[in-house]
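Here the structure comes first, spelled out in structure tokens, and everything after it is commentary.
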Amino acid sequence: MGHAGSQDWEIALNDPEILSNHGKFPVILSMTCYTGKVGEPNFRSFGERFMNMNNTGAVSFFATSGWGFVYSGSLINSLFYKSFAKDTVRRVGDMVSYAMNSIKSDSLSFSIRHTVNCYTLMGDPALKLQLPAYPEFTISENDYKLSNKSPSVNEPINLKVFPQNFGLNSDSATMRLIVTKNFNKYYFKDTVLRNFSSKDSISYNFKLNSKGRYEAKVILDLYNSSPDENKNDNTLIFEIDVKNVSFVPYKPVHNSVVRKDSVEYVGMNPFIKKNEKSIILLLQTDTSANFNSR
């Protein structure tokens with residue numbers, strides 16, 4: 001979407017020759033003016049130049065030979081996506097037909113009539129996109145984020161997980177998080193992903209209560225709600241390393257009131273060798289209820 005009065009993507013790209021997408025050929029929807037002007041005998045249009053390059057460029061280019069209108073262009077663009085994202089349409093020509101037939105009922109609008117008359121497809125309409133006609137879930141080692149990669153004992157941890165769906169929209173799928181401590185179940189939670197389209201984000205909050213070997217495991221489509229999809233990329237496993245310099249306070253209890261005239265701090269950290277490291281430990285007490293005195 002954008003301005004193209006000079007028959008190219010004026011702000012984004014003027015010369016397709018600079019592209020280097022060797023072996024990966026997209027279907028381009030150029031919802032803007034004149035980039036599909038294929039009726040001129042004296043020059044190649046912007047879209048034709050994408051289609052005329054060797055081992056780069058595009059495999060299909062959908063654009064208009066005249067003006068592009070924001071409303072109708074945005075509408076036909078969204079209908080094109082809807083045809084394969086929420087339906088089983090996979091051939092480019094069928095996607096164009098679906099979008100065109102959907103908007104032509106509003107032909108009283110000049111911009112709609114112009115869009116139907118002037119937008120055209122360059123490329124093979126029988127081309128089939130490499131997309132499954134069912135949900136296809138996946139989660140990889142790059143699809144999670146820990147608030148702290150080396151948390152201390154009893155430190156609040158936020159884990160965000162980003163499952164993906166490369167196929168059709170899924171009404172619902174169950175995802176389970178299991179955290180084990182020394183190979184025993186420590187924490188788990190099931191989450192139902194509703195109306196799961198392309199990507200989701202799930203957040204978990206928990207603490208690690210002592211030193212140990214912690215491992216997190218995320219399982220997508222726990223109850224096999226989409227039996228046709230590939231199960232080999234539905235599981236993510238990673239370790240959570242507990243910081244080995246954690247000071248675990250025992251007393252006084254956090255936020256407690258000490259009524260004696262002296263305070264004794266007691267804590268534990270058996271993983272620090274005092275003779276080998278310089279240790280700095282900051283502890284705080286206060287004489288006011290609001291904890292704001294100096």
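By order in the structure tokens, chains are A, B, ...; within a chain, residues start at 1; ligands start at 1, following the order shown.
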For this session: Fewer than 5 positions away in the same chain doesn't count, so skip those; otherwise give me all residues within 6 Å of range 78-85 of chain A, counting only C-alpha atoms, as a list of chain:residue names.
Result: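 Residues near the query, excluding close chain neighbours: A:Met95, A:Ala99, A:Leu168.
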List the spatial neighbours of range 147-158 of chain A as a CSV table (one decimal) with N, CA and C atoms, in the first residue's frame - criterion: any atom at most 7 Å away, only C-alpha atoms, same-chain residues fewer than 2 positions off excluded.
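Written file, result.csv:
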chain,number,residue,atom,x,y,z
A,145,LYS,N,11.1,-16.3,25.5
A,145,LYS,CA,11.9,-15.3,26.1
A,145,LYS,C,11.8,-15.3,27.7
A,160,LYS,N,7.8,-15.9,28.4
A,160,LYS,CA,6.9,-15.7,27.3
A,160,LYS,C,7.2,-16.7,26.2
A,203,SER,N,2.1,-15.9,28.4
A,203,SER,CA,3.0,-15.5,29.5
A,203,SER,C,2.8,-16.3,30.7
A,204,TYR,N,3.9,-16.7,31.3
A,204,TYR,CA,3.8,-17.5,32.6
A,204,TYR,C,4.7,-16.9,33.6
A,205,ASN,N,4.3,-17.0,34.9
A,205,ASN,CA,5.0,-16.4,36.0
A,205,ASN,C,5.2,-17.4,37.1
A,206,PHE,N,6.4,-17.7,37.5
A,206,PHE,CA,6.7,-18.6,38.6
A,206,PHE,C,8.0,-18.3,39.2
A,207,LYS,N,8.4,-19.1,40.2
A,207,LYS,CA,9.7,-18.9,40.9
A,207,LYS,C,10.4,-20.3,41.0
A,208,LEU,N,11.7,-20.3,41.2
A,208,LEU,CA,12.4,-21.5,41.5
A,208,LEU,C,12.8,-21.4,42.9
A,209,ASN,N,12.4,-22.4,43.7
A,209,ASN,CA,12.5,-22.3,45.2
A,209,ASN,C,13.8,-22.8,45.8
A,210,SER,N,14.7,-23.4,45.0
A,210,SER,CA,16.0,-23.8,45.5
A,210,SER,C,16.9,-24.1,44.3
A,211,LYS,N,18.1,-24.4,44.7
A,211,LYS,CA,19.1,-24.8,43.6
A,211,LYS,C,18.7,-26.2,43.1
A,240,ILE,N,16.7,-24.0,32.5
A,240,ILE,CA,16.7,-22.7,33.2
A,240,ILE,C,17.9,-22.8,34.2
A,241,ASP,N,18.9,-22.0,34.0
A,241,ASP,CA,20.1,-22.0,34.9
A,241,ASP,C,19.8,-21.1,36.1
A,242,VAL,N,19.9,-21.7,37.2
A,242,VAL,CA,19.8,-20.9,38.5
A,242,VAL,C,21.1,-20.3,38.8
A,243,LYS,N,21.1,-19.0,39.1
A,243,LYS,CA,22.3,-18.3,39.4
A,243,LYS,C,23.0,-18.9,40.6
A,246,SER,N,23.4,-16.9,44.4
A,246,SER,CA,22.1,-16.3,45.0
A,246,SER,C,22.3,-16.3,46.5
A,248,VAL,N,20.2,-16.4,49.7
A,248,VAL,CA,18.8,-16.8,50.1
A,248,VAL,C,18.6,-16.3,51.5
Near range 113-135 of chain A, 10 Å: range 162-262 of chain A residue rows, closest pairs, only C-alpha atoms, as CSV:
residue,atom,partner,partner_atom,distance
A:Gln164,CA,A:Pro135,CA,9.9
A:Asn165,CA,A:Pro135,CA,6.4
A:Phe166,CA,A:Pro135,CA,6.8
A:Gly167,CA,A:Pro135,CA,4.2
A:Leu168,CA,A:Pro135,CA,4.5
A:Asn169,CA,A:Pro135,CA,6.1
A:Ser170,CA,A:Pro135,CA,5.9
A:Asp171,CA,A:Pro135,CA,9.6
A:Ala173,CA,A:Pro135,CA,9.9
A:Phe196,CA,A:Pro135,CA,9.0
A:Ser197,CA,A:Pro135,CA,8.5
A:Ser198,CA,A:Pro135,CA,9.5
A:Ser225,CA,A:Pro135,CA,9.6
A:Ser226,CA,A:Pro135,CA,6.6
A:Pro227,CA,A:Pro135,CA,9.3
A:Asp228,CA,A:Tyr134,CA,7.2
A:Glu229,CA,A:Pro135,CA,6.4
A:Asn230,CA,A:Pro135,CA,9.4
Preceding selection exported with N, CA and C atoms as a PDB file, in the first residue's frame:
ATOM      1  N   GLN A 164       3.554 -20.709  16.840  1.00  0.00           N
ATOM      2  CA  GLN A 164       3.174 -20.244  15.510  1.00  0.00           C
ATOM      3  C   GLN A 164       2.306 -21.273  14.801  1.00  0.00           C
ATOM      4  N   ASN A 165       1.489 -20.779  13.883  1.00  0.00           N
ATOM      5  CA  ASN A 165       0.627 -21.617  13.066  1.00  0.00           C
ATOM      6  C   ASN A 165       0.841 -21.222  11.610  1.00  0.00           C
ATOM      7  N   PHE A 166       1.452 -22.108  10.815  1.00  0.00           N
ATOM      8  CA  PHE A 166       1.748 -21.822   9.421  1.00  0.00           C
ATOM      9  C   PHE A 166       0.647 -22.299   8.476  1.00  0.00           C
ATOM     10  N   GLY A 167      -0.409 -22.867   9.018  1.00  0.00           N
ATOM     11  CA  GLY A 167      -1.496 -23.358   8.184  1.00  0.00           C
ATOM     12  C   GLY A 167      -2.784 -22.583   8.387  1.00  0.00           C
ATOM     13  N   LEU A 168      -3.896 -23.279   8.293  1.00  0.00           N
ATOM     14  CA  LEU A 168      -5.196 -22.642   8.448  1.00  0.00           C
ATOM     15  C   LEU A 168      -5.432 -22.218   9.890  1.00  0.00           C
ATOM     16  N   ASN A 169      -6.339 -21.277  10.049  1.00  0.00           N
ATOM     17  CA  ASN A 169      -6.739 -20.821  11.373  1.00  0.00           C
ATOM     18  C   ASN A 169      -7.287 -21.999  12.186  1.00  0.00           C
ATOM     19  N   SER A 170      -6.897 -22.068  13.452  1.00  0.00           N
ATOM     20  CA  SER A 170      -7.356 -23.135  14.338  1.00  0.00           C
ATOM     21  C   SER A 170      -8.317 -22.563  15.375  1.00  0.00           C
ATOM     22  N   ASP A 171      -9.476 -23.199  15.529  1.00  0.00           N
ATOM     23  CA  ASP A 171     -10.445 -22.742  16.542  1.00  0.00           C
ATOM     24  C   ASP A 171      -9.851 -22.801  17.937  1.00  0.00           C
ATOM     25  N   ALA A 173      -6.452 -24.918  20.344  1.00  0.00           N
ATOM     26  CA  ALA A 173      -5.401 -25.918  20.524  1.00  0.00           C
ATOM     27  C   ALA A 173      -4.844 -25.741  21.930  1.00  0.00           C
ATOM     28  N   PHE A 196      -6.564 -19.449  16.988  1.00  0.00           N
ATOM     29  CA  PHE A 196      -5.110 -19.407  16.788  1.00  0.00           C
ATOM     30  C   PHE A 196      -4.818 -19.279  15.300  1.00  0.00           C
ATOM     31  N   SER A 197      -4.374 -18.084  14.879  1.00  0.00           N
ATOM     32  CA  SER A 197      -4.127 -17.847  13.455  1.00  0.00           C
ATOM     33  C   SER A 197      -2.650 -18.044  13.135  1.00  0.00           C
ATOM     34  N   SER A 198      -1.873 -16.966  13.070  1.00  0.00           N
ATOM     35  CA  SER A 198      -0.482 -17.106  12.647  1.00  0.00           C
ATOM     36  C   SER A 198       0.497 -17.181  13.811  1.00  0.00           C
ATOM     37  N   SER A 225      -5.671 -32.042  18.520  1.00  0.00           N
ATOM     38  CA  SER A 225      -6.888 -31.491  17.911  1.00  0.00           C
ATOM     39  C   SER A 225      -6.757 -31.344  16.400  1.00  0.00           C
ATOM     40  N   SER A 226      -5.512 -31.315  15.888  1.00  0.00           N
ATOM     41  CA  SER A 226      -5.262 -31.252  14.443  1.00  0.00           C
ATOM     42  C   SER A 226      -4.405 -32.451  14.050  1.00  0.00           C
ATOM     43  N   PRO A 227      -5.025 -33.600  13.817  1.00  0.00           N
ATOM     44  CA  PRO A 227      -4.256 -34.842  13.603  1.00  0.00           C
ATOM     45  C   PRO A 227      -3.405 -34.845  12.342  1.00  0.00           C
ATOM     46  N   ASP A 228      -3.706 -33.976  11.355  1.00  0.00           N
ATOM     47  CA  ASP A 228      -2.953 -33.999  10.094  1.00  0.00           C
ATOM     48  C   ASP A 228      -1.646 -33.216  10.149  1.00  0.00           C
ATOM     49  N   GLU A 229      -1.478 -32.380  11.147  1.00  0.00           N
ATOM     50  CA  GLU A 229      -0.281 -31.534  11.153  1.00  0.00           C
ATOM     51  C   GLU A 229       0.942 -32.290  11.669  1.00  0.00           C
ATOM     52  N   ASN A 230       2.119 -31.772  11.336  1.00  0.00           N
ATOM     53  CA  ASN A 230       3.383 -32.413  11.674  1.00  0.00           C
ATOM     54  C   ASN A 230       3.694 -32.237  13.163  1.00  0.00           C
TER      55      ASN A 230
END
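Closest approach to His254 in chain A among A:Leu283, A:Ile219, A:Met268, A:Ile28 is made by A:Leu283 (distances from only C-alpha atoms).
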Exercise. Of the residues A:Ser293, A:Thr88, A:Pro249, A:Gln7, which is the one nearest to Leu281 in chain A, using only C-alpha atoms?
Worked result: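 Ranking A:Ser293, A:Thr88, A:Pro249, A:Gln7 by distance to Leu281 in chain A, first place goes to A:Pro249.
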Can you pull out every residue within 12 Å of Val257 in chain A, counting only C-alpha atoms, but drop anything in the same chain fewer than 3 positions away, and send it as a PDB file with C-alpha atoms, in the first residue's frame?
ATOM      1  CA  LYS A 251      15.746 -14.021  58.669  1.00  0.00           C
ATOM      2  CA  PRO A 252      14.564 -11.501  59.312  1.00  0.00           C
ATOM      3  CA  VAL A 253      11.599 -12.402  57.133  1.00  0.00           C
ATOM      4  CA  HIS A 254      11.081 -10.051  54.188  1.00  0.00           C
ATOM      5  CA  LYS A 260      14.609  -5.547  69.171  1.00  0.00           C
ATOM      6  CA  ASP A 261      17.373  -2.934  69.311  1.00  0.00           C
ATOM      7  CA  SER A 262      19.622  -4.948  66.970  1.00  0.00           C
ATOM      8  CA  VAL A 263      19.146  -6.897  63.757  1.00  0.00           C
ATOM      9  CA  THR A 285      16.585  -2.027  56.971  1.00  0.00           C
ATOM     10  CA  ASP A 286      14.480   1.041  57.684  1.00  0.00           C
ATOM     11  CA  THR A 287      13.080   2.824  60.688  1.00  0.00           C
ATOM     12  CA  SER A 288       9.850   4.013  59.033  1.00  0.00           C
ATOM     13  CA  ALA A 289       6.737   2.146  58.015  1.00  0.00           C
ATOM     14  CA  ASN A 290       6.967   3.505  54.455  1.00  0.00           C
ATOM     15  CA  PHE A 291      10.576   2.339  54.060  1.00  0.00           C
TER      16      PHE A 291
END
Helix (DSSP H, G or I) residues, from DSSP on the backbone, in range 19-203 of chain A, as a JSON list (two decimals) with N, CA and C atoms, in the first residue's frame:
[["chain", "number", "residue", "atom", "x", "y", "z"],
["A", 46, "PHE", "N", 6.64, -1.87, -13.88],
["A", 46, "PHE", "CA", 7.33, -2.25, -12.64],
["A", 46, "PHE", "C", 7.09, -3.72, -12.32],
["A", 47, "GLY", "N", 5.84, -4.17, -12.45],
["A", 47, "GLY", "CA", 5.53, -5.57, -12.18],
["A", 47, "GLY", "C", 6.19, -6.52, -13.15],
["A", 48, "GLU", "N", 6.23, -6.14, -14.45],
["A", 48, "GLU", "CA", 6.89, -6.99, -15.45],
["A", 48, "GLU", "C", 8.37, -7.15, -15.15],
["A", 49, "ARG", "N", 8.99, -6.11, -14.63],
["A", 49, "ARG", "CA", 10.42, -6.20, -14.31],
["A", 49, "ARG", "C", 10.66, -7.21, -13.19],
["A", 50, "PHE", "N", 9.74, -7.32, -12.24],
["A", 50, "PHE", "CA", 9.85, -8.36, -11.20],
["A", 50, "PHE", "C", 9.77, -9.75, -11.82],
["A", 51, "MET", "N", 8.94, -9.89, -12.85],
["A", 51, "MET", "CA", 8.69, -11.20, -13.45],
["A", 51, "MET", "C", 9.73, -11.58, -14.50],
["A", 70, "VAL", "N", -7.28, 3.67, -1.98],
["A", 70, "VAL", "CA", -6.94, 3.13, -0.66],
["A", 70, "VAL", "C", -8.00, 2.15, -0.17],
["A", 71, "TYR", "N", -9.27, 2.54, -0.24],
["A", 71, "TYR", "CA", -10.32, 1.68, 0.32],
["A", 71, "TYR", "C", -10.43, 0.36, -0.44],
["A", 72, "SER", "N", -10.62, 0.45, -1.76],
["A", 72, "SER", "CA", -10.82, -0.77, -2.55],
["A", 72, "SER", "C", -9.55, -1.61, -2.59],
["A", 73, "GLY", "N", -8.38, -0.94, -2.64],
["A", 73, "GLY", "CA", -7.13, -1.69, -2.63],
["A", 73, "GLY", "C", -6.93, -2.45, -1.33],
["A", 74, "SER", "N", -7.22, -1.79, -0.22],
["A", 74, "SER", "CA", -7.10, -2.45, 1.08],
["A", 74, "SER", "C", -8.09, -3.59, 1.21],
["A", 75, "LEU", "N", -9.30, -3.38, 0.68],
["A", 75, "LEU", "CA", -10.34, -4.42, 0.77],
["A", 75, "LEU", "C", -9.96, -5.66, -0.02],
["A", 76, "ILE", "N", -9.55, -5.47, -1.28],
["A", 76, "ILE", "CA", -9.20, -6.64, -2.10],
["A", 76, "ILE", "C", -7.94, -7.32, -1.57],
["A", 77, "ASN", "N", -7.05, -6.55, -0.99],
["A", 77, "ASN", "CA", -5.85, -7.11, -0.37],
["A", 77, "ASN", "C", -6.22, -8.04, 0.79],
["A", 78, "SER", "N", -7.13, -7.59, 1.65],
["A", 78, "SER", "CA", -7.53, -8.40, 2.80],
["A", 78, "SER", "C", -8.31, -9.64, 2.35],
["A", 79, "LEU", "N", -9.12, -9.51, 1.29],
["A", 79, "LEU", "CA", -9.86, -10.67, 0.78],
["A", 79, "LEU", "C", -8.92, -11.70, 0.17],
["A", 80, "PHE", "N", -7.87, -11.25, -0.49],
["A", 80, "PHE", "CA", -6.87, -12.16, -1.04],
["A", 80, "PHE", "C", -6.26, -13.01, 0.08],
["A", 81, "TYR", "N", -5.88, -12.36, 1.17],
["A", 81, "TYR", "CA", -5.29, -13.08, 2.30],
["A", 81, "TYR", "C", -6.31, -14.02, 2.95],
["A", 82, "LYS", "N", -7.53, -13.54, 3.07],
["A", 82, "LYS", "CA", -8.57, -14.35, 3.71],
["A", 82, "LYS", "C", -8.80, -15.65, 2.96],
["A", 83, "SER", "N", -8.66, -15.62, 1.62],
["A", 83, "SER", "CA", -8.95, -16.80, 0.81],
["A", 83, "SER", "C", -8.07, -17.99, 1.17],
["A", 84, "PHE", "N", -6.81, -17.74, 1.56],
["A", 84, "PHE", "CA", -5.95, -18.87, 1.93],
["A", 84, "PHE", "C", -5.70, -18.99, 3.41],
["A", 85, "ALA", "N", -5.90, -17.88, 4.18],
["A", 85, "ALA", "CA", -5.65, -17.94, 5.62],
["A", 85, "ALA", "C", -6.81, -18.59, 6.37],
["A", 92, "VAL", "N", -3.11, -19.27, -6.96],
["A", 92, "VAL", "CA", -3.11, -17.81, -7.00],
["A", 92, "VAL", "C", -4.29, -17.28, -7.81],
["A", 93, "GLY", "N", -4.61, -17.90, -8.94],
["A", 93, "GLY", "CA", -5.73, -17.46, -9.75],
["A", 93, "GLY", "C", -7.05, -17.56, -9.01],
["A", 94, "ASP", "N", -7.21, -18.62, -8.20],
["A", 94, "ASP", "CA", -8.43, -18.77, -7.41],
["A", 94, "ASP", "C", -8.53, -17.69, -6.33],
["A", 95, "MET", "N", -7.37, -17.29, -5.79],
["A", 95, "MET", "CA", -7.37, -16.23, -4.78],
["A", 95, "MET", "C", -7.81, -14.90, -5.40],
["A", 96, "VAL", "N", -7.30, -14.60, -6.60],
["A", 96, "VAL", "CA", -7.69, -13.38, -7.28],
["A", 96, "VAL", "C", -9.18, -13.42, -7.61],
["A", 97, "SER", "N", -9.67, -14.56, -8.10],
["A", 97, "SER", "CA", -11.09, -14.69, -8.44],
["A", 97, "SER", "C", -11.97, -14.50, -7.21],
["A", 98, "TYR", "N", -11.55, -15.10, -6.10],
["A", 98, "TYR", "CA", -12.31, -14.96, -4.86],
["A", 98, "TYR", "C", -12.40, -13.50, -4.44],
["A", 99, "ALA", "N", -11.26, -12.80, -4.46],
["A", 99, "ALA", "CA", -11.25, -11.40, -4.04],
["A", 99, "ALA", "C", -12.08, -10.53, -4.99],
["A", 100, "MET", "N", -11.91, -10.72, -6.31],
["A", 100, "MET", "CA", -12.64, -9.93, -7.29],
["A", 100, "MET", "C", -14.14, -10.17, -7.20],
["A", 101, "ASN", "N", -14.54, -11.42, -7.11],
["A", 101, "ASN", "CA", -15.96, -11.74, -7.03],
["A", 101, "ASN", "C", -16.60, -11.24, -5.74],
["A", 102, "SER", "N", -15.78, -11.13, -4.69],
["A", 102, "SER", "CA", -16.31, -10.65, -3.41],
["A", 102, "SER", "C", -16.59, -9.16, -3.43],
["A", 103, "ILE", "N", -15.77, -8.38, -4.15],
["A", 103, "ILE", "CA", -15.97, -6.93, -4.13],
["A", 103, "ILE", "C", -16.85, -6.41, -5.26],
["A", 104, "LYS", "N", -17.06, -7.20, -6.32],
["A", 104, "LYS", "CA", -17.78, -6.66, -7.47],
["A", 104, "LYS", "C", -19.25, -6.41, -7.18],
["A", 105, "SER", "N", -19.78, -7.00, -6.11],
["A", 105, "SER", "CA", -21.17, -6.71, -5.74],
["A", 105, "SER", "C", -21.37, -5.27, -5.33],
["A", 106, "ASP", "N", -20.26, -4.58, -5.00],
["A", 106, "ASP", "CA", -20.32, -3.17, -4.61],
["A", 106, "ASP", "C", -19.92, -2.29, -5.80],
["A", 110, "PHE", "N", -17.28, 3.87, -7.78],
["A", 110, "PHE", "CA", -16.33, 4.03, -8.89],
["A", 110, "PHE", "C", -15.00, 3.34, -8.58],
["A", 111, "SER", "N", -14.50, 3.48, -7.36],
["A", 111, "SER", "CA", -13.20, 2.88, -7.03],
["A", 111, "SER", "C", -13.27, 1.36, -7.11],
["A", 112, "ILE", "N", -14.42, 0.78, -6.75],
["A", 112, "ILE", "CA", -14.57, -0.68, -6.86],
["A", 112, "ILE", "C", -14.59, -1.09, -8.32],
["A", 113, "ARG", "N", -15.35, -0.39, -9.16],
["A", 113, "ARG", "CA", -15.40, -0.71, -10.59],
["A", 113, "ARG", "C", -14.00, -0.60, -11.21],
["A", 114, "HIS", "N", -13.29, 0.47, -10.84],
["A", 114, "HIS", "CA", -11.95, 0.68, -11.38],
["A", 114, "HIS", "C", -11.02, -0.44, -10.95],
["A", 115, "THR", "N", -11.13, -0.87, -9.71],
["A", 115, "THR", "CA", -10.27, -1.94, -9.19],
["A", 115, "THR", "C", -10.52, -3.25, -9.94],
["A", 116, "VAL", "N", -11.79, -3.60, -10.15],
["A", 116, "VAL", "CA", -12.12, -4.83, -10.86],
["A", 116, "VAL", "C", -11.64, -4.76, -12.30],
["A", 117, "ASN", "N", -11.76, -3.60, -12.94],
["A", 117, "ASN", "CA", -11.41, -3.47, -14.36],
["A", 117, "ASN", "C", -9.91, -3.39, -14.61],
["A", 118, "CYS", "N", -9.16, -2.80, -13.67],
["A", 118, "CYS", "CA", -7.76, -2.45, -13.96],
["A", 118, "CYS", "C", -6.72, -3.32, -13.26]]
Problem set entry | Residues flagged strand (DSSP E or B) by DSSP in range 86-248 of chain A, as a PyMOL selection string | chain A and resi 91+119-123+128+137-138+144-146+157-161+164-165+170-181+184-196+199+202-206+214-219+235-240+248
